[in-house]
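Inspection log for the structure reproduced underneath, given as structure tokens.
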Amino acid sequence: MSLIINGSPEEYPQRFDTDGSVINASDGGVILVDGVYHWYGLRLRPLPFGKNGSGGQVTDTGVVMYASRDLRSWQYEGVILACDKDPQSPLCAPMRFERPKILYNKKTRKFVLWCHYVACPGDHGFIPGSAEAGIAVCDTVNGSYRFIGTVRPIDETGFVRDCTLFQDTDGSAYFIYDRQISKAFNPVLQPFERCLHIVKLSDDYTSCTDHWARIDAADAREAPCVFKRGGLYYMITSGLTGWEHNPAKYFVSDDTMRGWKPMGDPFVGDQNGTAFNTQGSYVFTTARGEFIYMCERHNTANFELCSSIWLPICFEADGRITLNYQHSVEITA
């Protein structure tokens, strides 16, 4: 059993790697490969929030990775998707590989990373390069990922915001993202439409197919975390309040492309309606089959010191889920 310290809902507990350095892996995920857990995320700059890409919400480094066999002791593995200093490079820093997620493709034997890509200087926007999905591939989980390009799924009018990946039990993969459409492209919108969409990926996971759906129930939601248990698909989400925390909501369906039913707030005892001051990042499964909800407590005074909060997901007999905040959690790796 590994004891994970979350602290109180008001604290910003830090986790340290085996070298004693703060783990800085924002809004990433965990992937289990050959008995080793690999925790990855965006390395944020230790600067206060600012404008024009000058804040700590961007990176000068890229996506980093840590490894552990017990989910408690983490060894730094290095940068897996690096920024560049060349002003002509699409990876020129400062920029964002926001909310990176990694899947393993058994057919191609490659690891594939998708993210919300924002080019230098790292500001969200509507021009090309400021609202895309980025894709990178690698032969090994902890190697140097090769950036292969960007895309706007479905069509060019849909801007990419928060996103995640989901791999079904049949090996098919999906990109789920907050799709934003400007009023400039659709005059009836006031002034933007924001809704989660799901897009099935190609067999090699490196491009989008034309099989997609708008998740109507998830209007004005972001930070999707998608997972499957038994025959049901679950999606935990956040509202659109920027860095301000808000109530979580989750949805359930027996089909990835249709029938998503709103189920309310899964957090128990969240009297302030802030998901206990967190926003969801990812749901991973341990080797023992335990579902762990990774969420982040964003520290806008110093993004380098954001806190990763881990909570086991409790499943009720009727298929509903609950999330109980715990100061410390015992997880069986």
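Here's how to read the names in the structure tokens: chain A, B, ... by the order shown, residue numbers from 1 in each chain, ligand numbers from 1 in the order shown.
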Write out, as CSV, each residue of range 100-176 of chain A that has an atom at most 9 Å from range 31-34 of chain A, together with the closest pair of atoms and their distance in Å to one decimal, counting only C-alpha atoms, rows going by chain and rising number.
residue,atom,partner,partner_atom,distance
A:Ile102,CA,A:Ile31,CA,7.3
A:Leu103,CA,A:Ile31,CA,7.7
A:Tyr104,CA,A:Ile31,CA,8.9
A:Val141,CA,A:Val33,CA,7.7
Those same residues, written as a tab-separated table (two decimals), in the first residue's frame with N, CA and C atoms?
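In the end it all went to again.tsv:
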chain	number	residue	atom	x	y	z
A	102	ILE	N	-1.18	10.31	-23.15
A	102	ILE	CA	-0.42	9.31	-23.91
A	102	ILE	C	-1.17	7.98	-23.94
A	103	LEU	N	-1.24	7.37	-25.12
A	103	LEU	CA	-1.79	6.02	-25.28
A	103	LEU	C	-0.77	5.15	-26.00
A	104	TYR	N	-0.84	3.84	-25.74
A	104	TYR	CA	0.01	2.89	-26.46
A	104	TYR	C	-0.81	2.21	-27.53
A	141	VAL	N	7.95	4.56	-24.09
A	141	VAL	CA	7.10	5.45	-23.31
A	141	VAL	C	7.87	6.65	-22.78
**Message:** Would you pick out the contacts of range 271-273 of chain A at 10 Å or less, using only C-alpha atoms, so that residues sharing its chain but fewer than 5 positions from it are not included, and give the list as a VMD selection string?
**Reply:** chain A and resid 245 to 248 265
**Request:** Within 10 Å of His38 in chain A, counting only C-alpha atoms, which residues show up once you throw out same-chain ones fewer than 2 positions away? Write them as an NGL selection string, please.
**Result:** :A and (29-33 or 35-36 or 40 or 65-69 or 71 or 74-77 or 141-142)
**Item:** Of the listed residues A:Phe276, A:Cys208, A:Ile321, A:Pro224, that which approaches Gly264 in chain A most closely, counting only C-alpha atoms
**Value:** A:Ile321
**Request:** Can you pull out every residue within 6 Å of range 194-206 of chain A, counting only C-alpha atoms, but drop anything in the same chain fewer than 2 positions away, and send it as a ChimeraX atom specification?
**Result:** /A:173-180,208-209,211-215,218-220
**Fill in**
Among A:Leu42, A:Leu232, A:Cys83, A:Ala131, Ser281 in chain A is approached most closely, using only C-alpha atoms, by A:Leu42
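Rounded to one decimal, CA of Val226 in chain A and CA of Gly129 in chain A lie 25.9 Å from each other.
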**Asked** Which distance in Å separates CA of Tyr325 in chain A and CA of Thr286 in chain A, to one decimal?
**Response** 19.1 Å
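Across the model, the gap from CA of Ala133 in chain A to CA of Asp210 in chain A is 15.6 Å.
Using only C-alpha atoms for every distance, the candidate list A:Glu98, A:Glu330, A:Asp216, A:Asp19 yields A:Glu98 as the residue closest to Leu44 in chain A.
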**Message:** When you look at range 121-124 of chain A with a cut-off of 6 Å (counting only C-alpha atoms), what residues show up, excluding the ones that are within fewer than 5 positions of it in the same chain? I need them as a PyMOL selection string.
**Reply:** chain A and resi 53+58+94-96+130
